[in-house]
Amino acid sequence: MSADALRGVQITVPEAVPTGDLARLKCDYDLEEAALYTIKWYRGDEEFYRYVPKESPPTRVFPLQGIHVDISQSNARTVALRDVQRDLTGFYKCEVSADAPLFHTEIKSGLMIVVDLPEGDPSMFTEKHKYSLGEKIRANCTSKPSYPASNLTWFVNGQQVTTSQHSLVSPSVVHEVDGLEISQTNLELEATSGVFREGKLRLRCLATVFTLYRRSQELELTEDTPQLAPVMGPTAPHSLGDLGSRLESSAQLLIFLSLTLIFVFATR
């Protein structure tokens with residue numbers, strides 16, 4: 001039997017798993033013609049699961065705070081952890097040992113991060129919704145609380161924004177709130193004819209947490225174009241209503257003058 005009887009040991013640990021979910025950690029190996037002696041799983045340097053095919057039952061679980069092994073879904077290549085919490089973030093190791101006479105052993109490790117996902121979409125704000133050419137468009141994007149903080153990315157008219165002579169993206173700033181993290185970023189963009197398409201500009205902020213969360217918020221801004229004053233023709237002297245009022249006043253004046261003349265001649 002060659003000393004290379006055990007080869008190709010590979011560990012597959014979820015890069016990220018949501019709080020409360022089931023995590024499956026896998027260990028693949030090729031024993032060639034050798035028999036399996038034991039599989040051991042560790043969190044850090046503490047063993048929590050062992051599989052020994054020659055024992056009955058072959059599985060054994062060692063108490064470790066926060067780790068709940070689902071025996072029904074665990075075997076010689078997989079260990080399943082129920083209801084994972086954030087304090088289980090860390091490195092996990094798989095130790096594979098071939099049986100006698102060589103007892104060849106290999107260890108592989110992988111990092112698993114337990115995440116608290118955001119609830120809802122990110123928030124986005126601008127100073128106003130109409131901009132004239134040459135103005136500065138200033139926008140803010142803020143993620144919902146999570147752990148770790150969301151990654152934020154800006155898009156203008158469907159294209160990812162990178163810092164250029166016409167735009168400036170501030171690095172994300174992370175704030176901690178009640179054990180969770182909130183990320184914020186600002187965008188400063190020059191309002192040019194190139195960014196407005198038929199007078200419209202679509203601004204979008206995308207928030208992601210690994211591959212588990214992908215949500216965005218979008219605003220539509222409009223170009224504030226100058227309004228031309230209406231060209232007016234010669235002003236009409238009076239409307240019909242005004243003309244009627246003037247005729248009525250003139251008639252009353254004539255009646256008053258007539259009565260006055262009659263009174264003057266009657267008194268002579």
# chains A, B, ... in the order shown; residues from 1 in each chain; ligands from 1

call {"tool": "select_by_dssp", "arguments": {"residues": "region 100-250 of chain A", "states": "alpha helix (DSSP H)", "output": "PyMOL selection string"}}
result
chain A and resi 240-250

call {"tool": "write_last_selection", "arguments": {"atoms": "C-alpha atoms", "output": "PDB file, in the first residue's frame"}}
result
ATOM      1  CA  LEU A 240     -67.434  91.800 -23.606  1.00  0.00           C
ATOM      2  CA  GLY A 241     -68.050  91.819 -19.880  1.00  0.00           C
ATOM      3  CA  ASP A 242     -66.025  95.024 -19.450  1.00  0.00           C
ATOM      4  CA  LEU A 243     -67.796  96.609 -22.431  1.00  0.00           C
ATOM      5  CA  GLY A 244     -71.194  95.836 -20.940  1.00  0.00           C
ATOM      6  CA  SER A 245     -70.226  97.359 -17.628  1.00  0.00           C
ATOM      7  CA  ARG A 246     -68.964 100.528 -19.347  1.00  0.00           C
ATOM      8  CA  LEU A 247     -72.171 100.871 -21.411  1.00  0.00           C
ATOM      9  CA  GLU A 248     -74.276 100.438 -18.288  1.00  0.00           C
ATOM     10  CA  SER A 249     -72.285 103.153 -16.508  1.00  0.00           C
ATOM     11  CA  SER A 250     -72.632 105.497 -19.508  1.00  0.00           C
TER      12      SER A 250
END

call {"tool": "residues_around", "arguments": {"residues": "region 219-228 of chain A", "least_positions_apart": "2", "cutoff": "12 Å", "atoms": "only C-alpha atoms", "output": "PyMOL selection string"}}
result
chain A and resi 123-135+137-141+154-158+191-205+216-217+230-231

call {"tool": "residues_around", "arguments": {"residues": "region 67-72 of chain A", "least_positions_apart": "6", "cutoff": "10 Å", "atoms": "only C-alpha atoms", "output": "MDAnalysis selection string"}}
result
chainID A and resid 22:24 43 48:49 59:61 79:85 87:88

call {"tool": "select_by_dssp", "arguments": {"residues": "region 44-267 of chain A", "states": "strand (DSSP E or B)", "output": "JSON, numbers by chain"}}
result
{"A": [46, 47, 48, 49, 50, 51, 59, 60, 61, 69, 78, 79, 80, 81, 90, 91, 92, 93, 94, 95, 96, 97, 98, 105, 106, 107, 108, 109, 110, 111, 112, 113, 114, 115, 116, 123, 124, 125, 126, 130, 131, 136, 137, 138, 139, 140, 141, 142, 146, 147, 151, 152, 153, 154, 155, 156, 159, 160, 167, 168, 169, 173, 174, 175, 176, 177, 180, 181, 182, 183, 184, 185, 186, 187, 188, 189, 190, 197, 200, 201, 202, 203, 204, 205, 206, 207, 208, 209, 213, 214, 215, 216, 217, 218, 219, 220, 221, 222, 223]}

call {"tool": "closest_residue", "arguments": {"among": "A:Arg86, A:Leu187, A:Ser143, A:Asp116", "to": "Gly66 (chain A)", "atoms": "only C-alpha atoms"}}
result
A:Arg86

call {"tool": "closest_residue", "arguments": {"among": "A:His175, A:Arg7, A:Lys40, A:Arg214", "to": "Tyr147 (chain A)", "atoms": "only C-alpha atoms"}}
result
A:His175

call {"tool": "residues_around", "arguments": {"residues": "Pro118 (chain A)", "least_positions_apart": "4", "cutoff": "12 Å", "atoms": "only C-alpha atoms", "output": "PDB file with N, CA, C and O atoms, in the first residue's frame"}}
result
ATOM      1  N   PRO A  18     -27.343  32.493   6.583  1.00  0.00           N
ATOM      2  CA  PRO A  18     -28.163  33.377   7.416  1.00  0.00           C
ATOM      3  C   PRO A  18     -28.352  32.829   8.829  1.00  0.00           C
ATOM      4  O   PRO A  18     -28.417  31.611   9.040  1.00  0.00           O
ATOM      5  N   THR A  19     -28.469  33.722   9.775  1.00  0.00           N
ATOM      6  CA  THR A  19     -28.741  33.349  11.157  1.00  0.00           C
ATOM      7  C   THR A  19     -30.002  32.487  11.239  1.00  0.00           C
ATOM      8  O   THR A  19     -31.020  32.804  10.625  1.00  0.00           O
ATOM      9  N   PRO A 122     -32.571  49.361   0.729  1.00  0.00           N
ATOM     10  CA  PRO A 122     -31.807  50.532   1.189  1.00  0.00           C
ATOM     11  C   PRO A 122     -32.619  51.806   0.968  1.00  0.00           C
ATOM     12  O   PRO A 122     -33.600  51.815   0.206  1.00  0.00           O
ATOM     13  N   SER A 123     -32.226  52.881   1.619  1.00  0.00           N
ATOM     14  CA  SER A 123     -32.890  54.185   1.468  1.00  0.00           C
ATOM     15  C   SER A 123     -32.002  55.108   0.644  1.00  0.00           C
ATOM     16  O   SER A 123     -30.784  55.113   0.815  1.00  0.00           O
ATOM     17  N   THR A 142     -28.306  54.728   2.115  1.00  0.00           N
ATOM     18  CA  THR A 142     -28.091  54.159   3.439  1.00  0.00           C
ATOM     19  C   THR A 142     -28.719  52.775   3.496  1.00  0.00           C
ATOM     20  O   THR A 142     -29.883  52.598   3.131  1.00  0.00           O
ATOM     21  N   SER A 143     -27.954  51.802   3.950  1.00  0.00           N
ATOM     22  CA  SER A 143     -28.455  50.431   4.030  1.00  0.00           C
ATOM     23  C   SER A 143     -29.267  50.229   5.300  1.00  0.00           C
ATOM     24  O   SER A 143     -29.163  50.994   6.266  1.00  0.00           O
ATOM     25  N   LYS A 144     -30.040  49.159   5.308  1.00  0.00           N
ATOM     26  CA  LYS A 144     -30.707  48.731   6.533  1.00  0.00           C
ATOM     27  C   LYS A 144     -29.685  47.985   7.400  1.00  0.00           C
ATOM     28  O   LYS A 144     -28.695  47.451   6.899  1.00  0.00           O
ATOM     29  N   PRO A 145     -29.920  47.931   8.734  1.00  0.00           N
ATOM     30  CA  PRO A 145     -28.959  47.272   9.622  1.00  0.00           C
ATOM     31  C   PRO A 145     -28.767  45.799   9.275  1.00  0.00           C
ATOM     32  O   PRO A 145     -29.720  45.089   8.941  1.00  0.00           O
ATOM     33  N   SER A 146     -27.513  45.342   9.336  1.00  0.00           N
ATOM     34  CA  SER A 146     -27.182  43.944   9.053  1.00  0.00           C
ATOM     35  C   SER A 146     -25.823  43.630   9.671  1.00  0.00           C
ATOM     36  O   SER A 146     -25.169  44.509  10.241  1.00  0.00           O
ATOM     37  N   TYR A 147     -25.423  42.370   9.543  1.00  0.00           N
ATOM     38  CA  TYR A 147     -24.059  41.997   9.925  1.00  0.00           C
ATOM     39  C   TYR A 147     -23.580  40.896   8.997  1.00  0.00           C
ATOM     40  O   TYR A 147     -24.213  39.841   8.903  1.00  0.00           O
ATOM     41  N   PRO A 148     -22.476  41.144   8.285  1.00  0.00           N
ATOM     42  CA  PRO A 148     -21.748  42.418   8.219  1.00  0.00           C
ATOM     43  C   PRO A 148     -22.527  43.464   7.432  1.00  0.00           C
ATOM     44  O   PRO A 148     -23.605  43.177   6.911  1.00  0.00           O
ATOM     45  N   ALA A 149     -21.957  44.673   7.338  1.00  0.00           N
ATOM     46  CA  ALA A 149     -22.636  45.755   6.638  1.00  0.00           C
ATOM     47  C   ALA A 149     -22.800  45.444   5.153  1.00  0.00           C
ATOM     48  O   ALA A 149     -22.002  44.706   4.561  1.00  0.00           O
ATOM     49  N   SER A 150     -23.848  45.992   4.558  1.00  0.00           N
ATOM     50  CA  SER A 150     -24.094  45.791   3.125  1.00  0.00           C
ATOM     51  C   SER A 150     -23.037  46.508   2.293  1.00  0.00           C
ATOM     52  O   SER A 150     -22.515  47.556   2.684  1.00  0.00           O
ATOM     53  N   ASN A 151     -22.739  45.939   1.133  1.00  0.00           N
ATOM     54  CA  ASN A 151     -21.939  46.633   0.125  1.00  0.00           C
ATOM     55  C   ASN A 151     -22.887  47.478  -0.726  1.00  0.00           C
ATOM     56  O   ASN A 151     -23.927  46.988  -1.175  1.00  0.00           O
ATOM     57  N   LEU A 180     -25.527  45.610  15.119  1.00  0.00           N
ATOM     58  CA  LEU A 180     -25.590  45.477  13.670  1.00  0.00           C
ATOM     59  C   LEU A 180     -24.867  46.655  13.023  1.00  0.00           C
ATOM     60  O   LEU A 180     -24.467  47.602  13.717  1.00  0.00           O
ATOM     61  N   GLU A 181     -24.709  46.591  11.709  1.00  0.00           N
ATOM     62  CA  GLU A 181     -23.947  47.622  11.008  1.00  0.00           C
ATOM     63  C   GLU A 181     -24.776  48.264   9.900  1.00  0.00           C
ATOM     64  O   GLU A 181     -25.510  47.577   9.182  1.00  0.00           O
ATOM     65  N   ILE A 182     -24.640  49.576   9.775  1.00  0.00           N
ATOM     66  CA  ILE A 182     -25.314  50.352   8.726  1.00  0.00           C
ATOM     67  C   ILE A 182     -24.243  51.010   7.869  1.00  0.00           C
ATOM     68  O   ILE A 182     -23.328  51.642   8.394  1.00  0.00           O
ATOM     69  N   SER A 183     -24.345  50.836   6.561  1.00  0.00           N
ATOM     70  CA  SER A 183     -23.378  51.471   5.669  1.00  0.00           C
ATOM     71  C   SER A 183     -24.032  52.618   4.916  1.00  0.00           C
ATOM     72  O   SER A 183     -25.218  52.570   4.576  1.00  0.00           O
ATOM     73  N   ALA A 207     -27.722  47.339  -2.827  1.00  0.00           N
ATOM     74  CA  ALA A 207     -27.131  46.839  -1.584  1.00  0.00           C
ATOM     75  C   ALA A 207     -27.043  45.320  -1.650  1.00  0.00           C
ATOM     76  O   ALA A 207     -28.019  44.652  -2.007  1.00  0.00           O
ATOM     77  N   THR A 208     -25.864  44.764  -1.316  1.00  0.00           N
ATOM     78  CA  THR A 208     -25.682  43.315  -1.335  1.00  0.00           C
ATOM     79  C   THR A 208     -24.957  42.858  -0.068  1.00  0.00           C
ATOM     80  O   THR A 208     -24.146  43.595   0.499  1.00  0.00           O
ATOM     81  N   VAL A 209     -25.282  41.646   0.346  1.00  0.00           N
ATOM     82  CA  VAL A 209     -24.554  40.970   1.425  1.00  0.00           C
ATOM     83  C   VAL A 209     -24.237  39.573   0.918  1.00  0.00           C
ATOM     84  O   VAL A 209     -25.135  38.721   0.815  1.00  0.00           O
ATOM     85  N   PHE A 210     -22.980  39.353   0.545  1.00  0.00           N
ATOM     86  CA  PHE A 210     -22.553  38.112  -0.090  1.00  0.00           C
ATOM     87  C   PHE A 210     -23.507  37.825  -1.256  1.00  0.00           C
ATOM     88  O   PHE A 210     -23.855  38.729  -2.008  1.00  0.00           O
ATOM     89  N   LEU A 212     -26.468  36.356  -0.546  1.00  0.00           N
ATOM     90  CA  LEU A 212     -27.706  36.060   0.168  1.00  0.00           C
ATOM     91  C   LEU A 212     -28.721  37.191   0.093  1.00  0.00           C
ATOM     92  O   LEU A 212     -29.922  36.967   0.294  1.00  0.00           O
ATOM     93  N   TYR A 213     -28.265  38.396  -0.189  1.00  0.00           N
ATOM     94  CA  TYR A 213     -29.154  39.566  -0.169  1.00  0.00           C
ATOM     95  C   TYR A 213     -28.771  40.486  -1.310  1.00  0.00           C
ATOM     96  O   TYR A 213     -27.592  40.817  -1.489  1.00  0.00           O
ATOM     97  N   ARG A 214     -29.786  40.898  -2.076  1.00  0.00           N
ATOM     98  CA  ARG A 214     -29.554  41.802  -3.198  1.00  0.00           C
ATOM     99  C   ARG A 214     -30.823  42.631  -3.399  1.00  0.00           C
ATOM    100  O   ARG A 214     -31.802  42.163  -3.969  1.00  0.00           O
ATOM    101  N   ARG A 215     -30.793  43.865  -2.901  1.00  0.00           N
ATOM    102  CA  ARG A 215     -31.965  44.747  -2.994  1.00  0.00           C
ATOM    103  C   ARG A 215     -31.489  46.130  -3.422  1.00  0.00           C
ATOM    104  O   ARG A 215     -30.340  46.532  -3.164  1.00  0.00           O
ATOM    105  N   SER A 216     -32.388  46.881  -4.060  1.00  0.00           N
ATOM    106  CA  SER A 216     -31.992  48.204  -4.550  1.00  0.00           C
ATOM    107  C   SER A 216     -33.133  49.204  -4.380  1.00  0.00           C
ATOM    108  O   SER A 216     -34.284  48.830  -4.153  1.00  0.00           O
TER     109      SER A 216
END

call {"tool": "atom_distance", "arguments": {"atom1": "CA of Ser97 (chain A)", "atom2": "CA of Glu33 (chain A)"}}
result
13.3 Å

call {"tool": "atom_distance", "arguments": {"atom1": "CA of Gln159 (chain A)", "atom2": "CA of Leu189 (chain A)"}}
result
13.5 Å

call {"tool": "atom_distance", "arguments": {"atom1": "CA of Ser74 (chain A)", "atom2": "CA of Pro101 (chain A)"}}
result
27.1 Å

call {"tool": "decode", "arguments": {"residues": "region 90-150 of chain A", "atoms": "C-alpha atoms", "output": "mmCIF file, in the first residue's frame"}}
result
data_model
loop_
_atom_site.group_PDB
_atom_site.id
_atom_site.type_symbol
_atom_site.label_atom_id
_atom_site.label_comp_id
_atom_site.auth_asym_id
_atom_site.auth_seq_id
_atom_site.Cartn_x
_atom_site.Cartn_y
_atom_site.Cartn_z
ATOM 1 C CA GLY A 90 -15.077 31.134 12.256
ATOM 2 C CA PHE A 91 -12.789 28.499 10.756
ATOM 3 C CA TYR A 92 -13.868 24.867 10.556
ATOM 4 C CA LYS A 93 -11.522 21.939 10.005
ATOM 5 C CA CYS A 94 -12.036 18.478 8.603
ATOM 6 C CA GLU A 95 -9.513 15.793 9.547
ATOM 7 C CA VAL A 96 -9.515 12.589 7.485
ATOM 8 C CA SER A 97 -7.543 9.527 8.585
ATOM 9 C CA ALA A 98 -7.011 6.307 6.643
ATOM 10 C CA ASP A 99 -7.028 3.003 8.485
ATOM 11 C CA ALA A 100 -4.051 0.860 9.504
ATOM 12 C CA PRO A 101 -1.289 0.283 8.846
ATOM 13 C CA LEU A 102 -0.416 3.825 7.653
ATOM 14 C CA PHE A 103 -3.093 5.937 9.393
ATOM 15 C CA HIS A 104 -2.351 8.643 6.832
ATOM 16 C CA THR A 105 -4.064 11.897 7.940
ATOM 17 C CA GLU A 106 -4.901 15.157 6.165
ATOM 18 C CA ILE A 107 -6.604 18.308 7.466
ATOM 19 C CA LYS A 108 -8.381 21.022 5.483
ATOM 20 C CA SER A 109 -10.037 24.191 6.803
ATOM 21 C CA GLY A 110 -12.553 26.753 5.616
ATOM 22 C CA LEU A 111 -14.177 29.957 6.888
ATOM 23 C CA MET A 112 -17.924 30.189 7.499
ATOM 24 C CA ILE A 113 -19.600 33.531 8.263
ATOM 25 C CA VAL A 114 -23.037 33.628 9.876
ATOM 26 C CA VAL A 115 -24.864 36.783 8.813
ATOM 27 C CA ASP A 116 -27.839 38.852 9.939
ATOM 28 C CA LEU A 117 -29.527 39.975 6.722
ATOM 29 C CA PRO A 118 -31.083 43.437 6.283
ATOM 30 C CA GLU A 119 -34.848 43.763 6.456
ATOM 31 C CA GLY A 120 -36.069 45.784 3.498
ATOM 32 C CA ASP A 121 -34.536 47.907 0.764
ATOM 33 C CA PRO A 122 -31.807 50.532 1.189
ATOM 34 C CA SER A 123 -32.890 54.185 1.468
ATOM 35 C CA MET A 124 -31.881 56.818 -1.080
ATOM 36 C CA PHE A 125 -32.265 60.603 -0.930
ATOM 37 C CA THR A 126 -31.456 63.575 -3.174
ATOM 38 C CA GLU A 127 -31.629 67.277 -2.413
ATOM 39 C CA LYS A 128 -34.382 67.736 -5.018
ATOM 40 C CA HIS A 129 -35.878 66.004 -8.040
ATOM 41 C CA LYS A 130 -35.299 68.643 -10.755
ATOM 42 C CA TYR A 131 -31.859 69.856 -11.822
ATOM 43 C CA SER A 132 -30.648 72.415 -14.322
ATOM 44 C CA LEU A 133 -27.639 71.664 -16.493
ATOM 45 C CA GLY A 134 -24.412 72.480 -14.677
ATOM 46 C CA GLU A 135 -25.826 71.865 -11.205
ATOM 47 C CA LYS A 136 -24.423 69.274 -8.786
ATOM 48 C CA ILE A 137 -26.607 66.281 -8.064
ATOM 49 C CA ARG A 138 -25.938 65.066 -4.522
ATOM 50 C CA ALA A 139 -27.418 61.773 -3.359
ATOM 51 C CA ASN A 140 -27.110 59.578 -0.278
ATOM 52 C CA CYS A 141 -27.699 55.835 0.047
ATOM 53 C CA THR A 142 -28.091 54.159 3.439
ATOM 54 C CA SER A 143 -28.455 50.431 4.030
ATOM 55 C CA LYS A 144 -30.707 48.731 6.533
ATOM 56 C CA PRO A 145 -28.959 47.272 9.622
ATOM 57 C CA SER A 146 -27.182 43.944 9.053
ATOM 58 C CA TYR A 147 -24.059 41.997 9.925
ATOM 59 C CA PRO A 148 -21.748 42.418 8.219
ATOM 60 C CA ALA A 149 -22.636 45.755 6.638
ATOM 61 C CA SER A 150 -24.094 45.791 3.125
#
